[in-house]
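Everything below belongs to structure.cif, which stores mmCIF, C-alpha atoms.
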data_model
#
loop_
_atom_site.group_PDB
_atom_site.id
_atom_site.type_symbol
_atom_site.label_atom_id
_atom_site.label_comp_id
_atom_site.auth_asym_id
_atom_site.auth_seq_id
_atom_site.Cartn_x
_atom_site.Cartn_y
_atom_site.Cartn_z
ATOM 1 C CA MET D 1 -33.269 19.850 16.393
ATOM 2 C CA SER D 2 -34.447 21.745 13.317
ATOM 3 C CA LYS D 3 -35.390 20.228 9.972
ATOM 4 C CA ILE D 4 -32.460 20.036 7.583
ATOM 5 C CA ASP D 5 -32.778 21.910 4.290
ATOM 6 C CA TRP D 6 -30.957 19.498 1.989
ATOM 7 C CA GLU D 7 -31.752 21.595 -1.088
ATOM 8 C CA LEU D 8 -29.989 24.584 0.440
ATOM 9 C CA ILE D 9 -26.985 22.435 1.326
ATOM 10 C CA LYS D 10 -26.830 21.117 -2.251
ATOM 11 C CA GLU D 11 -27.110 24.665 -3.579
ATOM 12 C CA ILE D 12 -24.244 25.848 -1.346
ATOM 13 C CA LEU D 13 -22.108 22.942 -2.515
ATOM 14 C CA GLU D 14 -22.855 23.571 -6.194
ATOM 15 C CA GLN D 15 -22.878 27.338 -6.356
ATOM 16 C CA ASN D 16 -20.291 28.195 -3.731
ATOM 17 C CA VAL D 17 -17.966 25.320 -2.954
ATOM 18 C CA LEU D 18 -17.718 23.573 -6.332
ATOM 19 C CA ASP D 19 -17.398 26.862 -8.179
ATOM 20 C CA ALA D 20 -14.689 28.122 -5.794
ATOM 21 C CA LEU D 21 -12.706 24.874 -5.836
ATOM 22 C CA THR D 22 -12.880 24.679 -9.634
ATOM 23 C CA THR D 23 -11.624 28.254 -9.882
ATOM 24 C CA ILE D 24 -8.792 27.517 -7.439
ATOM 25 C CA GLU D 25 -7.853 24.484 -9.535
ATOM 26 C CA GLU D 26 -7.796 26.599 -12.721
ATOM 27 C CA ARG D 27 -5.725 29.350 -11.105
ATOM 28 C CA PHE D 28 -3.320 26.920 -9.467
ATOM 29 C CA ARG D 29 -2.661 25.178 -12.781
ATOM 30 C CA GLN D 30 -0.801 28.329 -13.779
ATOM 31 C CA VAL D 31 1.483 28.241 -10.715
ATOM 32 C CA PRO D 32 4.682 26.409 -11.702
ATOM 33 C CA ASP D 33 6.293 26.428 -8.235
ATOM 34 C CA VAL D 34 6.049 28.096 -4.836
ATOM 35 C CA GLU D 35 8.514 30.808 -5.852
ATOM 36 C CA PHE D 36 5.965 32.064 -8.383
ATOM 37 C CA PHE D 37 3.975 33.497 -5.452
ATOM 38 C CA SER D 38 6.836 35.983 -4.940
ATOM 39 C CA THR D 39 6.210 37.641 -8.305
ATOM 40 C CA ARG D 40 3.611 40.377 -8.810
ATOM 41 C CA THR D 41 1.431 38.075 -10.919
ATOM 42 C CA GLY D 42 1.959 35.278 -8.407
ATOM 43 C CA GLN D 43 0.898 37.513 -5.517
ATOM 44 C CA GLU D 44 -2.320 38.355 -7.330
ATOM 45 C CA ARG D 45 -2.949 34.684 -8.038
ATOM 46 C CA ARG D 46 -2.156 33.821 -4.386
ATOM 47 C CA ASP D 47 -4.567 36.489 -3.140
ATOM 48 C CA GLY D 48 -7.360 35.177 -5.351
ATOM 49 C CA ILE D 49 -6.767 31.588 -4.277
ATOM 50 C CA CYS D 50 -6.729 32.589 -0.600
ATOM 51 C CA MET D 51 -9.992 34.503 -0.947
ATOM 52 C CA LEU D 52 -11.652 31.457 -2.482
ATOM 53 C CA PHE D 53 -10.333 29.168 0.269
ATOM 54 C CA ILE D 54 -11.873 31.557 2.800
ATOM 55 C CA ALA D 55 -15.206 31.245 0.970
ATOM 56 C CA VAL D 56 -14.936 27.437 0.926
ATOM 57 C CA GLY D 57 -14.235 27.339 4.662
ATOM 58 C CA GLU D 58 -17.201 29.617 5.350
ATOM 59 C CA SER D 59 -19.431 27.429 3.211
ATOM 60 C CA PHE D 60 -18.319 24.264 5.005
ATOM 61 C CA LYS D 61 -19.007 25.970 8.323
ATOM 62 C CA GLN D 62 -22.474 26.915 7.100
ATOM 63 C CA ILE D 63 -23.178 23.386 5.816
ATOM 64 C CA ASP D 64 -22.048 21.940 9.142
ATOM 65 C CA GLU D 65 -24.472 24.212 10.990
ATOM 66 C CA LEU D 66 -27.365 23.646 8.555
ATOM 67 C CA SER D 67 -26.987 19.865 8.793
ATOM 68 C CA ASN D 68 -26.569 19.796 12.575
ATOM 69 C CA LYS D 69 -23.052 18.445 11.940
ATOM 70 C CA THR D 70 -24.448 15.318 10.231
ATOM 71 C CA PHE D 71 -23.646 15.803 6.547
ATOM 72 C CA LEU D 72 -19.912 16.457 6.375
ATOM 73 C CA SER D 73 -19.252 13.621 8.817
ATOM 74 C CA ARG D 74 -20.512 11.217 6.115
ATOM 75 C CA TYR D 75 -17.287 11.922 4.254
ATOM 76 C CA PRO D 76 -14.422 10.986 6.579
ATOM 77 C CA GLU D 77 -11.869 11.410 3.789
ATOM 78 C CA ILE D 78 -12.160 15.150 4.323
ATOM 79 C CA ASP D 79 -11.602 16.792 7.656
ATOM 80 C CA ARG D 80 -14.095 19.639 8.015
ATOM 81 C CA ARG D 81 -12.238 21.018 11.030
ATOM 82 C CA LYS D 82 -9.039 21.288 8.993
ATOM 83 C CA ILE D 83 -10.870 22.964 6.118
ATOM 84 C CA ILE D 84 -12.440 25.487 8.468
ATOM 85 C CA GLY D 85 -9.110 25.844 10.290
ATOM 86 C CA PHE D 86 -7.319 26.543 7.006
ATOM 87 C CA ARG D 87 -9.895 29.254 6.340
ATOM 88 C CA ASN D 88 -9.259 30.755 9.767
ATOM 89 C CA MET D 89 -5.497 30.634 9.285
ATOM 90 C CA ILE D 90 -5.763 32.536 5.999
ATOM 91 C CA ALA D 91 -8.317 35.044 7.267
ATOM 92 C CA HIS D 92 -6.539 35.860 10.517
ATOM 93 C CA ASN D 93 -2.930 35.696 9.315
ATOM 94 C CA TYR D 94 -3.454 37.081 5.847
ATOM 95 C CA PHE D 95 -0.246 39.100 5.681
ATOM 96 C CA ASP D 96 1.799 36.153 6.932
ATOM 97 C CA ILE D 97 0.533 33.430 4.589
ATOM 98 C CA ASN D 98 2.912 30.502 4.416
ATOM 99 C CA GLU D 99 3.197 30.228 0.641
ATOM 100 C CA THR D 100 4.729 26.752 0.791
ATOM 101 C CA LEU D 101 1.778 25.546 2.858
ATOM 102 C CA LEU D 102 -0.659 27.145 0.404
ATOM 103 C CA PHE D 103 1.160 25.609 -2.576
ATOM 104 C CA ASN D 104 1.236 22.147 -0.978
ATOM 105 C CA HIS D 105 -2.405 22.435 0.048
ATOM 106 C CA CYS D 106 -3.421 23.226 -3.534
ATOM 107 C CA ARG D 107 -1.236 20.495 -4.994
ATOM 108 C CA ASP D 108 -2.006 17.726 -2.500
ATOM 109 C CA HIS D 109 -5.423 18.385 -0.955
ATOM 110 C CA LEU D 110 -7.396 20.238 -3.592
ATOM 111 C CA PRO D 111 -7.890 17.360 -6.091
ATOM 112 C CA PRO D 112 -9.344 14.879 -3.566
ATOM 113 C CA LEU D 113 -11.454 17.623 -1.961
ATOM 114 C CA LEU D 114 -12.867 18.583 -5.340
ATOM 115 C CA GLU D 115 -13.731 14.959 -6.117
ATOM 116 C CA THR D 116 -15.396 14.523 -2.735
ATOM 117 C CA VAL D 117 -17.486 17.671 -3.208
ATOM 118 C CA LYS D 118 -18.662 16.354 -6.590
ATOM 119 C CA ARG D 119 -19.601 13.078 -4.904
ATOM 120 C CA MET D 120 -21.464 14.964 -2.153
ATOM 121 C CA ILE D 121 -23.523 16.781 -4.784
ATOM 122 C CA ASN D 122 -24.228 13.530 -6.637
ATOM 123 C CA ASP D 123 -25.216 11.801 -3.393
ATOM 124 C CA LEU D 124 -27.644 14.595 -2.505
ATOM 125 C CA GLN D 125 -29.099 14.491 -6.016
ATOM 126 C CA SER D 126 -29.518 10.698 -5.818
ATOM 127 C CA GLU D 127 -31.206 10.964 -2.423
ATOM 128 C CA ARG D 128 -33.556 13.606 -3.821
ATOM 129 C CA ASP D 129 -34.343 11.475 -6.878
ATOM 130 C CA GLN D 130 -35.132 8.475 -4.671
ATOM 131 C CA ALA D 131 -37.459 10.467 -2.400
#

Do you think you could lay out the structure here as structure tokens?
Amino acid sequence: MSKIDWELIKEILEQNVLDALTTIEERFRQVPDVEFFSTRTGQERRDGICMLFIAVGESFKQIDELSNKTFLSRYPEIDRRKIIGFRNMIAHNYFDINETLLFNHCRDHLPPLLETVKRMINDLQSERDQA
């Protein structure tokens, strides 16, 4: 088992995941309902949100590998397999995105995920400060 680079994991969370989730949150705030995704502006917003969810899923996959599957399991309130699976669904079925699923995911799952990611970063910072 290789040594875990906690600094790299924290960097990925801060620079990739937190930034992407915050941007998704900002973009989604401007989506009044699922039908908005049918408009030209809504399609562009949907595409941007999907691209960021792909990046988040990739980052979680990378963190899981870097931590030998030990870090994300500390946070049972998020399901890393579902996050990575959502990424795979978007990436492999891009032209058949279920817009209702995407809308509901943003509305229902994004806020707690964002809060958990902030807590992950704070926990890693606290552990570093205590070392």

Would you translate the PyMOL selection byres ((chain D and resi 74-79) around 10) into the concrete set of residues it matches in this file, as a list in words?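 Going through the file, the PyMOL selection byres ((chain D and resi 74-79) around 10) ends up selecting Lys69, Thr70, Phe71, Leu72, Ser73, Arg80, Arg81, Lys82, Ile83, Ile84, Gly85, His109, Pro112, Leu113, Thr116, Val117, Arg119 and Met120 of chain D.
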
Output file for the residues above (C-alpha atoms, as a PDB file, in the frame of the given file):
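Written out: selection_25.pdb:
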ATOM      1  CA  LYS D  69     -23.052  18.445  11.940  1.00  0.00           C
ATOM      2  CA  THR D  70     -24.448  15.318  10.231  1.00  0.00           C
ATOM      3  CA  PHE D  71     -23.646  15.803   6.547  1.00  0.00           C
ATOM      4  CA  LEU D  72     -19.912  16.457   6.375  1.00  0.00           C
ATOM      5  CA  SER D  73     -19.252  13.621   8.817  1.00  0.00           C
ATOM      6  CA  ARG D  80     -14.095  19.639   8.015  1.00  0.00           C
ATOM      7  CA  ARG D  81     -12.238  21.018  11.030  1.00  0.00           C
ATOM      8  CA  LYS D  82      -9.039  21.288   8.993  1.00  0.00           C
ATOM      9  CA  ILE D  83     -10.870  22.964   6.118  1.00  0.00           C
ATOM     10  CA  ILE D  84     -12.440  25.487   8.468  1.00  0.00           C
ATOM     11  CA  GLY D  85      -9.110  25.844  10.290  1.00  0.00           C
ATOM     12  CA  HIS D 109      -5.423  18.385  -0.955  1.00  0.00           C
ATOM     13  CA  PRO D 112      -9.344  14.879  -3.566  1.00  0.00           C
ATOM     14  CA  LEU D 113     -11.454  17.623  -1.961  1.00  0.00           C
ATOM     15  CA  THR D 116     -15.396  14.523  -2.735  1.00  0.00           C
ATOM     16  CA  VAL D 117     -17.486  17.671  -3.208  1.00  0.00           C
ATOM     17  CA  ARG D 119     -19.601  13.078  -4.904  1.00  0.00           C
ATOM     18  CA  MET D 120     -21.464  14.964  -2.153  1.00  0.00           C
TER      19      MET D 120
END

Leu21 in chain D: which residues within 12 Å, counting only C-alpha atoms, same-chain residues fewer than 6 positions away excluded, as a VMD selection string? chain D and resid 13 to 15 27 to 28 48 to 57 59 106 109 to 118

Dump of C-alpha atoms for the selected residues, as a short mmCIF file (atom, residue, chain, number, x, y, z; two decimals), keeping the file's coordinate frame:
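So result02.cif came out as:
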data_model
loop_
_atom_site.label_atom_id
_atom_site.label_comp_id
_atom_site.auth_asym_id
_atom_site.auth_seq_id
_atom_site.Cartn_x
_atom_site.Cartn_y
_atom_site.Cartn_z
CA LEU D 13 -22.11 22.94 -2.52
CA GLU D 14 -22.86 23.57 -6.19
CA GLN D 15 -22.88 27.34 -6.36
CA ARG D 27 -5.72 29.35 -11.10
CA PHE D 28 -3.32 26.92 -9.47
CA GLY D 48 -7.36 35.18 -5.35
CA ILE D 49 -6.77 31.59 -4.28
CA CYS D 50 -6.73 32.59 -0.60
CA MET D 51 -9.99 34.50 -0.95
CA LEU D 52 -11.65 31.46 -2.48
CA PHE D 53 -10.33 29.17 0.27
CA ILE D 54 -11.87 31.56 2.80
CA ALA D 55 -15.21 31.24 0.97
CA VAL D 56 -14.94 27.44 0.93
CA GLY D 57 -14.24 27.34 4.66
CA SER D 59 -19.43 27.43 3.21
CA CYS D 106 -3.42 23.23 -3.53
CA HIS D 109 -5.42 18.39 -0.96
CA LEU D 110 -7.40 20.24 -3.59
CA PRO D 111 -7.89 17.36 -6.09
CA PRO D 112 -9.34 14.88 -3.57
CA LEU D 113 -11.45 17.62 -1.96
CA LEU D 114 -12.87 18.58 -5.34
CA GLU D 115 -13.73 14.96 -6.12
CA THR D 116 -15.40 14.52 -2.74
CA VAL D 117 -17.49 17.67 -3.21
CA LYS D 118 -18.66 16.35 -6.59
#

I'd like to know which of D:Arg46, D:Ile12, D:Thr39, D:Leu102 is closest to Phe60 in chain D, using only C-alpha atoms.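 Ranked by minimum distance to Phe60 in chain D, first place goes to D:Ile12.
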
What lies within 10 Å of Leu66 in chain D using all atoms listed in the file, ignoring chain neighbours under 2 positions off, as an NGL selection string? :D and (2-6 or 8-9 or 60-64 or 68-71)

Output C-alpha atoms for every residue in the selection just made, as a CSV table (one decimal), in the frame of the given file.
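So again_10.csv came out as:
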chain,number,residue,atom,x,y,z
D,2,SER,CA,-34.4,21.7,13.3
D,3,LYS,CA,-35.4,20.2,10.0
D,4,ILE,CA,-32.5,20.0,7.6
D,5,ASP,CA,-32.8,21.9,4.3
D,6,TRP,CA,-31.0,19.5,2.0
D,8,LEU,CA,-30.0,24.6,0.4
D,9,ILE,CA,-27.0,22.4,1.3
D,60,PHE,CA,-18.3,24.3,5.0
D,61,LYS,CA,-19.0,26.0,8.3
D,62,GLN,CA,-22.5,26.9,7.1
D,63,ILE,CA,-23.2,23.4,5.8
D,64,ASP,CA,-22.0,21.9,9.1
D,68,ASN,CA,-26.6,19.8,12.6
D,69,LYS,CA,-23.1,18.4,11.9
D,70,THR,CA,-24.4,15.3,10.2
D,71,PHE,CA,-23.6,15.8,6.5

All file atoms of range 94-103 of chain D boxed axis-aligned, 5 Å per side, centre plus edges, as JSON:
{"center_x": 0.6, "center_y": 32.3, "center_z": 2.2, "size_x": 18.2, "size_y": 23.6, "size_z": 19.5}

Identify which of the residues D:Leu101, D:Val31, D:Met89, D:Val17 lies closest to Glu44 in chain D, counting only C-alpha atoms when measuring atom-to-atom distances.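 Among the listed residues, D:Val31 lies closest to Glu44 in chain D.
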
Which residue, D:Asn104, D:Asn122, D:Gln30, D:Ser38, has the smallest gap to Lys10 in chain D when you use all atoms listed in the file? D:Asn122
